[in-house]
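Below is one structure, written out as structure tokens; the observations come after it.
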Amino acid sequence: MSWHTKTIKQISDALKAKQISSKELADYFLQRIANAKDLNAVIDLNEAKTIEQANHADALIAKGAASPLIGVPILHKDVFVTKHWKSTACSKILSDYVSPFDAHVVAKLGPDGAGMVCLGKANMDEFAMGSSNENSYAGPALNPWDKTRVPGGSSGGSAVAIAAGLSPAATGTDTGGSIRQPASLCGITGIKPTYGRVSRYGMIAYASSLDQGGPMAKTAEDCAILLNAMAGHDHKDSTSLDRPSEDYTAKLGKSWMPGEAQLLKGLKVGLPKEYFGDGLSSDVRAAVEGALEQFKKMGAECVPVSLPKTELSIPVYYVIAPAEASSNLSRFDGVRYGRRADQYSDLLDMYKRTRSEGFGTEVKRRIMIGTYVLSHGYYDAYYLKAQRIRRIIAQDFQEAFKQCDIIAGPVAPTVAGKIGEKTSDPTQMYLEDIYTLSPNLAGLPAMSAPCGFGDNGMPVGIQLIGNYFSEASLLQLAHAYQMETDWHQRLSPVAQKGGAA
Ligand code: GLN
């Protein structure tokens, strides 16, 4: 049986029907991970622990446990701390770090929560800074659709693993697009929830006012099942929303307006003109427009909207995110956290060497930018101004949502590029984020779902952005679309290789 082509839903049904055990599934996916080492998607394994968790799940299933995720394997992005796997955020400075506790999300999904089985840790850009997974201390992860191309970032390893059939599910985090962009570039589905919906406790911090964890999987339905287990209030995260989470599967397959035969009748989809301008490549545009046509066929109405400050999202984000990063990363000093330099003369020299040796180029660049924009004399000119524009960006969305229910557009301007193509020019790399940054700046939920293929046969995703707490509606729309299309079922060349072979 090709378990790696199955959704979480299908795997869960098979577990309950005793067609396979969790232990057999764990063996199967560990074998596929071993066979696909060249993709560099998975950077830490603890097979004994994985098998222990699977046996535990099997024992519970035998006793009749029926949670929809019990016994199903998952990979965690290396930014989530784990007791039984190293937690490095793909940085040299944390290369030996093992956490004394599990992140909230890891605990909620794991043996004492939903019962999922952790396969290991997924590759990512160092401290989640990047758009291609090339900033990883573990080296780049490769796109399973074309191994000479990047998978996107920063949750690159998570997206690669799902697209290659190394795991049915993975966690990701999204500060400025890191769930949506790799999901789009690898042809899978992922959702960044409303800021504060999923606890950040135990998620190694990059930019705390923007960071948000979320699920990545093959389908919107699988993401809904995962989000049900991940979302909810956590008193250990001061920005966690004290508001009950919904059942994100409840609206799947239902029509937008009760009683309507056409699934999307009554839905207004807003198309921001700034998302369809000059920077968008024609192949991505064609794929996204194809999806919009399908929405219309299913009864939706598309209306033009405007997000006038879209182009400011890059300068604003690349002031605020580095500012917060420079503060968050000060704890990695070789004393409180981090691998200390082997040789140094005095205390100051120890700090300098530890941080110079421990951080990669992009992380250092951001620490310097962040320190600069927060320094006396520049704070008002850069940081404060960026915060003001951030507020205007959030207001723009509220204006747009007066005219539509959900905003749709591309995730990234192009399909996945070649490895090394943009590493020498950071501003080129930052431009990749033009369509994904604003929802984070505003704190809005947004997702990516596969909608076709562009140049060189590379996958393209459509981005759906909703108002606060509209995750269930975003997933409803994406699921309705996936009931009518098969883009999400297409297999990458690596996933076409059958079984655990
Ligand atoms: N590419 C953006 C950055 O480098 C977003 C990364 C993210 O969402 N973690 O900061």
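Chain labels A, B, ... are given in the sequence in which chains occur in the structure tokens; within each chain residues are numbered consecutively from 1, and ligands are likewise numbered from 1 in the order shown.
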
Check: Which neighbours of Ile8 (chain A) fall inside 8 Å, counting only C-alpha atoms, when residues of the same chain fewer than 2 positions from it are skipped, and could you give them as a PyMOL selection string?
Finding: chain A and resi 6+10-12+69+72+168-169+222

Wanna dump the chain A-ligand 1 contacts at 6 Å for me, each residue with its shortest atom pair and the distance in Å to one decimal, counting only C-alpha atoms and all ligand atoms, ordered by chain and number, as JSON lines?
```
{"residue": "A:Ala128", "atom": "CA", "partner": "ligand 1", "partner_atom_place_in_ligand_line": "9 (N)", "distance": 4.3}
{"residue": "A:Met129", "atom": "CA", "partner": "ligand 1", "partner_atom_place_in_ligand_line": "4 (O)", "distance": 3.9}
{"residue": "A:Gly130", "atom": "CA", "partner": "ligand 1", "partner_atom_place_in_ligand_line": "4 (O)", "distance": 3.4}
{"residue": "A:Ser131", "atom": "CA", "partner": "ligand 1", "partner_atom_place_in_ligand_line": "1 (N)", "distance": 4.1}
{"residue": "A:Ser154", "atom": "CA", "partner": "ligand 1", "partner_atom_place_in_ligand_line": "9 (N)", "distance": 5.3}
{"residue": "A:Asp174", "atom": "CA", "partner": "ligand 1", "partner_atom_place_in_ligand_line": "8 (O)", "distance": 3.9}
{"residue": "A:Thr175", "atom": "CA", "partner": "ligand 1", "partner_atom_place_in_ligand_line": "8 (O)", "distance": 3.4}
{"residue": "A:Gly176", "atom": "CA", "partner": "ligand 1", "partner_atom_place_in_ligand_line": "8 (O)", "distance": 3.6}
{"residue": "A:Gly177", "atom": "CA", "partner": "ligand 1", "partner_atom_place_in_ligand_line": "8 (O)", "distance": 4.2}
{"residue": "A:Ser178", "atom": "CA", "partner": "ligand 1", "partner_atom_place_in_ligand_line": "8 (O)", "distance": 3.6}
{"residue": "A:Asp433", "atom": "CA", "partner": "ligand 1", "partner_atom_place_in_ligand_line": "1 (N)", "distance": 5.8}
```

If you take only C-alpha atoms and a cut-off of 9 Å, which residues of region 166-199 of chain A touch region 77-93 of chain A, and what are their nearest atom pairs and distances in Å to one decimal, in chain and number order, as a Markdown table?
```
| residue | atom | partner | partner_atom | distance |
| --- | --- | --- | --- | --- |
| A:Ala170 | CA | A:Lys77 | CA | 7.1 |
| A:Thr171 | CA | A:Lys77 | CA | 5.6 |
| A:Gly172 | CA | A:Lys77 | CA | 5.6 |
| A:Thr173 | CA | A:Lys77 | CA | 7.7 |
```

Notebook entry, point to check: Pick the closest to Leu39 (chain A) from A:Asp125, A:Asp146, A:Asp405, A:Asp58: which is it, counting only C-alpha atoms?
Noted result: A:Asp146

Next item on the list: Can you pull out every residue within 12 Å of Leu15 (chain A), counting only C-alpha atoms, but drop anything in the same chain fewer than 3 positions away, and send it as a VMD selection string?
Entry: chain A and resid 3 8 to 12 18 to 25 54 57 to 62 64 to 73

Mind dumping the selected residues with C-alpha atoms as an mmCIF file, in the first residue's frame?
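Produced file selection_34.cif, reproduced below:
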```cif
data_model
loop_
_atom_site.group_PDB
_atom_site.id
_atom_site.type_symbol
_atom_site.label_atom_id
_atom_site.label_comp_id
_atom_site.auth_asym_id
_atom_site.auth_seq_id
_atom_site.Cartn_x
_atom_site.Cartn_y
_atom_site.Cartn_z
ATOM 1 C CA TRP A 3 0.674 5.038 2.502
ATOM 2 C CA ILE A 8 -4.351 12.026 7.341
ATOM 3 C CA LYS A 9 -8.054 11.258 7.074
ATOM 4 C CA GLN A 10 -7.401 8.097 5.045
ATOM 5 C CA ILE A 11 -4.546 6.974 7.312
ATOM 6 C CA SER A 12 -6.669 7.542 10.397
ATOM 7 C CA LYS A 18 -6.880 -2.218 11.688
ATOM 8 C CA GLN A 19 -5.593 -2.251 8.103
ATOM 9 C CA ILE A 20 -2.278 -1.026 9.457
ATOM 10 C CA SER A 21 -0.758 -0.293 12.846
ATOM 11 C CA SER A 22 0.876 2.920 13.955
ATOM 12 C CA LYS A 23 4.144 0.998 14.390
ATOM 13 C CA GLU A 24 4.002 -0.196 10.764
ATOM 14 C CA LEU A 25 3.288 3.357 9.614
ATOM 15 C CA ALA A 54 3.784 4.427 17.833
ATOM 16 C CA ALA A 57 -0.686 4.803 20.082
ATOM 17 C CA ASP A 58 -1.343 1.197 19.030
ATOM 18 C CA ALA A 59 -2.092 0.255 22.617
ATOM 19 C CA LEU A 60 -4.604 3.100 22.894
ATOM 20 C CA ILE A 61 -6.199 2.240 19.540
ATOM 21 C CA ALA A 62 -6.570 -1.377 20.713
ATOM 22 C CA GLY A 64 -10.820 1.837 21.382
ATOM 23 C CA ALA A 65 -9.319 5.360 21.408
ATOM 24 C CA ALA A 66 -10.796 7.260 18.510
ATOM 25 C CA SER A 67 -9.116 10.654 18.201
ATOM 26 C CA PRO A 68 -8.771 11.574 14.516
ATOM 27 C CA LEU A 69 -4.987 11.943 14.809
ATOM 28 C CA ILE A 70 -4.034 9.075 17.066
ATOM 29 C CA GLY A 71 -1.199 6.999 15.632
ATOM 30 C CA VAL A 72 -0.687 9.304 12.640
ATOM 31 C CA PRO A 73 2.947 10.356 12.007
#
```

If you run DSSP over the backbone, which residues in region 182-418 of chain A end up alpha helix (DSSP H)? Put them as a PDB file with C-alpha atoms, in the first residue's frame.
```pdb
ATOM      1  CA  PRO A 182       6.934  26.721   0.841  1.00  0.00           C
ATOM      2  CA  ALA A 183       3.443  25.167   0.669  1.00  0.00           C
ATOM      3  CA  SER A 184       2.895  26.967  -2.642  1.00  0.00           C
ATOM      4  CA  LEU A 185       6.323  26.132  -4.048  1.00  0.00           C
ATOM      5  CA  CYS A 186       6.016  22.428  -3.145  1.00  0.00           C
ATOM      6  CA  ALA A 220      -7.383  21.602   3.553  1.00  0.00           C
ATOM      7  CA  GLU A 221      -9.304  18.879   5.364  1.00  0.00           C
ATOM      8  CA  ASP A 222      -6.082  17.534   6.901  1.00  0.00           C
ATOM      9  CA  CYS A 223      -5.060  21.060   7.925  1.00  0.00           C
ATOM     10  CA  ALA A 224      -8.447  21.501   9.613  1.00  0.00           C
ATOM     11  CA  ILE A 225      -8.023  18.248  11.544  1.00  0.00           C
ATOM     12  CA  LEU A 226      -4.535  19.307  12.649  1.00  0.00           C
ATOM     13  CA  LEU A 227      -5.588  22.839  13.544  1.00  0.00           C
ATOM     14  CA  ASN A 228      -8.330  21.436  15.780  1.00  0.00           C
ATOM     15  CA  ALA A 229      -5.597  19.864  17.887  1.00  0.00           C
ATOM     16  CA  MET A 230      -3.144  22.790  17.723  1.00  0.00           C
ATOM     17  CA  SER A 282       2.564  35.214 -16.200  1.00  0.00           C
ATOM     18  CA  ASP A 283       2.638  31.491 -15.365  1.00  0.00           C
ATOM     19  CA  VAL A 284       1.701  32.076 -11.717  1.00  0.00           C
ATOM     20  CA  ARG A 285      -0.965  34.566 -12.779  1.00  0.00           C
ATOM     21  CA  ALA A 286      -2.500  32.011 -15.164  1.00  0.00           C
ATOM     22  CA  ALA A 287      -2.662  29.318 -12.469  1.00  0.00           C
ATOM     23  CA  VAL A 288      -4.235  31.658  -9.914  1.00  0.00           C
ATOM     24  CA  GLU A 289      -6.747  32.960 -12.461  1.00  0.00           C
ATOM     25  CA  GLY A 290      -7.648  29.366 -13.283  1.00  0.00           C
ATOM     26  CA  ALA A 291      -8.561  28.829  -9.642  1.00  0.00           C
ATOM     27  CA  LEU A 292     -10.653  32.020  -9.626  1.00  0.00           C
ATOM     28  CA  GLU A 293     -12.565  30.745 -12.657  1.00  0.00           C
ATOM     29  CA  GLN A 294     -13.275  27.556 -10.746  1.00  0.00           C
ATOM     30  CA  PHE A 295     -14.517  29.577  -7.746  1.00  0.00           C
ATOM     31  CA  LYS A 296     -16.903  31.398 -10.084  1.00  0.00           C
ATOM     32  CA  LYS A 297     -18.139  28.140 -11.586  1.00  0.00           C
ATOM     33  CA  SER A 313       4.937  45.806   3.502  1.00  0.00           C
ATOM     34  CA  ILE A 314       8.518  44.861   2.565  1.00  0.00           C
ATOM     35  CA  PRO A 315      10.274  47.891   4.096  1.00  0.00           C
ATOM     36  CA  VAL A 316       7.939  47.830   7.107  1.00  0.00           C
ATOM     37  CA  TYR A 317       8.396  44.103   7.734  1.00  0.00           C
ATOM     38  CA  TYR A 318      12.150  44.258   7.226  1.00  0.00           C
ATOM     39  CA  VAL A 319      12.371  46.927   9.933  1.00  0.00           C
ATOM     40  CA  ILE A 320      10.008  45.371  12.482  1.00  0.00           C
ATOM     41  CA  ALA A 321      11.044  41.723  12.113  1.00  0.00           C
ATOM     42  CA  PRO A 322      14.809  42.404  12.471  1.00  0.00           C
ATOM     43  CA  ALA A 323      14.119  44.777  15.397  1.00  0.00           C
ATOM     44  CA  GLU A 324      12.297  42.035  17.278  1.00  0.00           C
ATOM     45  CA  ALA A 325      14.848  39.436  16.172  1.00  0.00           C
ATOM     46  CA  SER A 326      17.766  41.481  17.491  1.00  0.00           C
ATOM     47  CA  SER A 327      16.092  41.522  20.881  1.00  0.00           C
ATOM     48  CA  ASN A 328      14.977  37.864  20.856  1.00  0.00           C
ATOM     49  CA  LEU A 347      34.162  37.779  28.810  1.00  0.00           C
ATOM     50  CA  LEU A 348      33.630  40.293  26.008  1.00  0.00           C
ATOM     51  CA  ASP A 349      35.757  38.223  23.664  1.00  0.00           C
ATOM     52  CA  MET A 350      33.706  35.150  24.602  1.00  0.00           C
ATOM     53  CA  TYR A 351      30.435  36.903  23.645  1.00  0.00           C
ATOM     54  CA  LYS A 352      31.925  38.155  20.386  1.00  0.00           C
ATOM     55  CA  ARG A 353      33.353  34.841  19.308  1.00  0.00           C
ATOM     56  CA  THR A 354      30.317  32.844  20.406  1.00  0.00           C
ATOM     57  CA  ARG A 355      27.948  35.000  18.381  1.00  0.00           C
ATOM     58  CA  SER A 356      30.287  35.515  15.404  1.00  0.00           C
ATOM     59  CA  GLU A 357      30.871  31.788  15.074  1.00  0.00           C
ATOM     60  CA  GLY A 358      27.368  30.679  16.007  1.00  0.00           C
ATOM     61  CA  THR A 361      25.291  35.564   7.581  1.00  0.00           C
ATOM     62  CA  GLU A 362      21.577  36.357   7.186  1.00  0.00           C
ATOM     63  CA  VAL A 363      20.931  36.168  10.922  1.00  0.00           C
ATOM     64  CA  LYS A 364      23.852  38.511  11.608  1.00  0.00           C
ATOM     65  CA  ARG A 365      22.586  40.906   8.956  1.00  0.00           C
ATOM     66  CA  ARG A 366      19.201  41.062  10.643  1.00  0.00           C
ATOM     67  CA  ILE A 367      20.653  41.476  14.128  1.00  0.00           C
ATOM     68  CA  MET A 368      22.643  44.452  12.828  1.00  0.00           C
ATOM     69  CA  ILE A 369      19.648  46.004  11.027  1.00  0.00           C
ATOM     70  CA  GLY A 370      17.461  45.425  14.065  1.00  0.00           C
ATOM     71  CA  THR A 371      19.954  46.919  16.481  1.00  0.00           C
ATOM     72  CA  TYR A 372      20.362  49.920  14.191  1.00  0.00           C
ATOM     73  CA  VAL A 373      16.658  50.703  13.812  1.00  0.00           C
ATOM     74  CA  LEU A 374      16.139  50.424  17.558  1.00  0.00           C
ATOM     75  CA  LYS A 385       7.368  54.915  11.503  1.00  0.00           C
ATOM     76  CA  ALA A 386       7.212  51.240  10.514  1.00  0.00           C
ATOM     77  CA  GLN A 387       4.790  50.561  13.376  1.00  0.00           C
ATOM     78  CA  ARG A 388       2.543  53.386  12.168  1.00  0.00           C
ATOM     79  CA  ILE A 389       2.456  52.045   8.621  1.00  0.00           C
ATOM     80  CA  ARG A 390       1.809  48.589  10.004  1.00  0.00           C
ATOM     81  CA  ARG A 391      -1.390  49.936  11.496  1.00  0.00           C
ATOM     82  CA  ILE A 392      -2.419  51.468   8.166  1.00  0.00           C
ATOM     83  CA  ILE A 393      -1.778  48.143   6.441  1.00  0.00           C
ATOM     84  CA  ALA A 394      -4.116  46.467   8.948  1.00  0.00           C
ATOM     85  CA  GLN A 395      -6.755  49.155   8.307  1.00  0.00           C
ATOM     86  CA  ASP A 396      -6.482  48.620   4.534  1.00  0.00           C
ATOM     87  CA  PHE A 397      -7.559  45.032   5.057  1.00  0.00           C
ATOM     88  CA  GLN A 398     -10.562  46.113   7.107  1.00  0.00           C
ATOM     89  CA  GLU A 399     -11.602  48.441   4.262  1.00  0.00           C
ATOM     90  CA  ALA A 400     -11.240  45.588   1.772  1.00  0.00           C
TER      91      ALA A 400
END
```

Note to self: Just the number, please: distance in Å from CA of Thr189 (chain A) to CA of Ala412 (chain A), one decimal.
What the structure shows: 14.3 Å

Notebook entry, point to check: Looking at A:Leu267, A:Gln53, A:Trp256, A:Val105, which one is nearest to Asp237 (chain A), with distances taken over only C-alpha atoms?
Noted result: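 Under the stated criterion, the closest residue is A:Val105.
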
Margin query: At a cut-off of 9 Å, using only C-alpha atoms, what residues contact Met1 (chain A)? Leave out same-chain residues fewer than 2 positions from it and give the result as a ChimeraX atom specification.
Written below: /A:3-4,498-499

Notebook entry, point to check: Skipping near chain neighbours, those fewer than 3 positions away, what residues fall within 10 Å of Ile162 (chain A) using only C-alpha atoms, listed as JSON, numbers by chain?
Noted result: {"A": [4, 5, 41, 74, 75, 144, 157, 158, 159, 165, 166, 167, 168, 169, 170, 183, 186, 187, 188, 189, 216, 217, 218, 492, 495]}

Since we have the selection now, will you write its residues out, keeping C-alpha atoms, as a PDB file, in the first residue's frame?
```pdb
ATOM      1  CA  HIS A   4       2.661   8.113   1.573  1.00  0.00           C
ATOM      2  CA  THR A   5       0.031   9.143  -0.989  1.00  0.00           C
ATOM      3  CA  ALA A  41      14.173  17.545   4.639  1.00  0.00           C
ATOM      4  CA  ILE A  74       4.070  13.991  11.957  1.00  0.00           C
ATOM      5  CA  LEU A  75       7.286  15.977  11.601  1.00  0.00           C
ATOM      6  CA  PRO A 144      11.034  17.133  -4.664  1.00  0.00           C
ATOM      7  CA  GLY A 157      11.825  20.895   5.249  1.00  0.00           C
ATOM      8  CA  SER A 158       8.194  20.532   6.351  1.00  0.00           C
ATOM      9  CA  ALA A 159       6.887  21.242   2.837  1.00  0.00           C
ATOM     10  CA  GLY A 165       5.722  11.542   0.906  1.00  0.00           C
ATOM     11  CA  LEU A 166       8.067  11.385   3.900  1.00  0.00           C
ATOM     12  CA  SER A 167       5.332  12.380   6.345  1.00  0.00           C
ATOM     13  CA  PRO A 168       1.586  12.948   6.010  1.00  0.00           C
ATOM     14  CA  ALA A 169       1.762  16.078   8.178  1.00  0.00           C
ATOM     15  CA  ALA A 170       4.144  18.675   9.530  1.00  0.00           C
ATOM     16  CA  ALA A 183       3.443  25.167   0.669  1.00  0.00           C
ATOM     17  CA  CYS A 186       6.016  22.428  -3.145  1.00  0.00           C
ATOM     18  CA  GLY A 187       2.352  21.889  -4.086  1.00  0.00           C
ATOM     19  CA  ILE A 188       0.903  21.228  -0.630  1.00  0.00           C
ATOM     20  CA  THR A 189      -1.621  22.959   1.661  1.00  0.00           C
ATOM     21  CA  MET A 216       1.003  21.814   6.766  1.00  0.00           C
ATOM     22  CA  ALA A 217      -0.458  18.779   4.969  1.00  0.00           C
ATOM     23  CA  LYS A 218      -1.765  17.561   1.620  1.00  0.00           C
ATOM     24  CA  SER A 492       6.048  14.911  -7.135  1.00  0.00           C
ATOM     25  CA  ALA A 495       6.386  10.712  -4.202  1.00  0.00           C
TER      26      ALA A 495
END
```

Long-range neighbours of Ala34 (chain A) as a CSV table (one decimal) with N, CA, C and O atoms, in the first residue's frame, 12 Å cut-off, only C-alpha atoms, 2 positions minimum in chain:
```
chain,number,residue,atom,x,y,z
A,27,ASP,N,7.4,2.8,10.8
A,27,ASP,CA,8.5,2.1,10.1
A,27,ASP,C,8.5,2.5,8.6
A,27,ASP,O,9.6,2.8,8.0
A,28,TYR,N,7.3,2.5,8.0
A,28,TYR,CA,7.2,2.9,6.6
A,28,TYR,C,7.8,4.3,6.3
A,28,TYR,O,8.6,4.5,5.4
A,29,PHE,N,7.3,5.3,7.1
A,29,PHE,CA,7.8,6.6,6.9
A,29,PHE,C,9.2,6.8,7.2
A,29,PHE,O,10.0,7.6,6.5
A,30,LEU,N,9.7,6.2,8.3
A,30,LEU,CA,11.2,6.3,8.6
A,30,LEU,C,12.0,5.7,7.5
A,30,LEU,O,13.1,6.3,7.1
A,31,GLN,N,11.5,4.6,6.9
A,31,GLN,CA,12.2,4.1,5.7
A,31,GLN,C,12.2,5.0,4.5
A,31,GLN,O,13.2,5.2,3.9
A,32,ARG,N,11.1,5.7,4.3
A,32,ARG,CA,11.1,6.7,3.2
A,32,ARG,C,12.0,7.8,3.5
A,32,ARG,O,12.6,8.4,2.6
A,36,ALA,N,15.2,9.0,1.2
A,36,ALA,CA,15.2,10.3,0.5
A,36,ALA,C,16.2,11.3,1.3
A,36,ALA,O,15.9,12.5,1.3
A,37,LYS,N,17.2,10.8,1.8
A,37,LYS,CA,18.2,11.6,2.6
A,37,LYS,C,18.7,12.8,1.8
A,37,LYS,O,19.0,13.9,2.3
A,38,ASP,N,18.8,12.6,0.4
A,38,ASP,CA,19.4,13.6,-0.4
A,38,ASP,C,18.5,14.9,-0.4
A,38,ASP,O,19.0,16.0,-0.7
A,39,LEU,N,17.2,14.8,-0.1
A,39,LEU,CA,16.4,16.0,-0.1
A,39,LEU,C,16.7,16.8,1.1
A,39,LEU,O,16.3,18.0,1.2
A,40,ASN,N,17.3,16.3,2.2
A,40,ASN,CA,17.7,17.0,3.4
A,40,ASN,C,16.5,17.7,4.1
A,40,ASN,O,16.6,18.8,4.6
A,41,ALA,N,15.4,17.0,4.0
A,41,ALA,CA,14.2,17.5,4.6
A,41,ALA,C,14.1,17.3,6.1
A,41,ALA,O,13.6,18.1,6.9
A,42,VAL,N,14.7,16.2,6.6
A,42,VAL,CA,14.6,15.8,8.0
A,42,VAL,C,16.0,15.8,8.5
A,42,VAL,O,16.9,15.2,8.0
A,43,ILE,N,16.2,16.6,9.6
A,43,ILE,CA,17.6,16.8,10.1
A,43,ILE,C,17.8,16.1,11.5
A,43,ILE,O,19.0,16.1,11.9
A,44,ASP,N,16.8,15.6,12.1
A,44,ASP,CA,17.1,14.8,13.4
A,44,ASP,C,16.1,13.7,13.6
A,44,ASP,O,14.9,14.0,13.4
A,45,LEU,N,16.6,12.5,13.9
A,45,LEU,CA,15.7,11.4,14.1
A,45,LEU,C,16.0,10.8,15.5
A,45,LEU,O,17.1,11.0,16.0
A,47,GLU,N,14.8,7.2,16.3
A,47,GLU,CA,13.9,6.1,15.9
A,47,GLU,C,13.3,5.4,17.1
A,47,GLU,O,12.1,5.0,17.0
A,119,LEU,N,8.0,11.8,13.9
A,119,LEU,CA,9.0,11.1,13.1
A,119,LEU,C,10.4,11.8,13.3
A,119,LEU,O,11.4,11.2,13.0
A,120,GLY,N,10.4,13.1,13.6
A,120,GLY,CA,11.7,13.8,13.7
A,120,GLY,C,11.5,15.3,13.5
A,120,GLY,O,10.4,15.8,13.6
A,161,ALA,N,9.0,17.4,2.9
A,161,ALA,CA,8.6,16.1,3.5
A,161,ALA,C,7.2,15.7,3.1
A,161,ALA,O,7.0,14.5,2.7
A,165,GLY,N,6.3,12.7,0.3
A,165,GLY,CA,5.7,11.5,0.9
A,165,GLY,C,6.6,11.0,2.0
A,165,GLY,O,6.6,9.8,2.2
A,166,LEU,N,7.3,11.9,2.8
A,166,LEU,CA,8.1,11.4,3.9
A,166,LEU,C,7.3,11.5,5.2
A,166,LEU,O,7.7,10.9,6.2
A,500,ALA,N,7.7,1.9,0.5
A,500,ALA,CA,8.8,2.4,1.4
A,500,ALA,C,10.1,2.2,0.6
A,500,ALA,O,11.2,2.2,1.2
A,501,ALA,N,10.0,1.9,-0.7
A,501,ALA,CA,11.2,1.6,-1.5
A,501,ALA,C,11.9,2.9,-1.9
A,501,ALA,O,11.4,3.9,-1.9
```

Next item on the list: Mind listing the strand (DSSP E) residues of region 129-279 of chain A, per DSSP on the backbone, as a list in words?
Entry: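 The strand (DSSP E) residues within region 129-279 of chain A come out as Ala169, Ala170, Thr171, Gly172, Thr173, Thr189, Gly190, Ile191, Lys192, Gly213, Gly214, Pro215, Met216, Ala217, Lys268, Val269, Gly270, Leu271 and Pro272 of chain A.
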
Check: From the set A:Lys422, A:Lys192, A:Lys16, A:Arg331, which residue has the shortest atom-to-atom contact distance to Lys63 (chain A), counting only C-alpha atoms?
Finding: A:Lys16
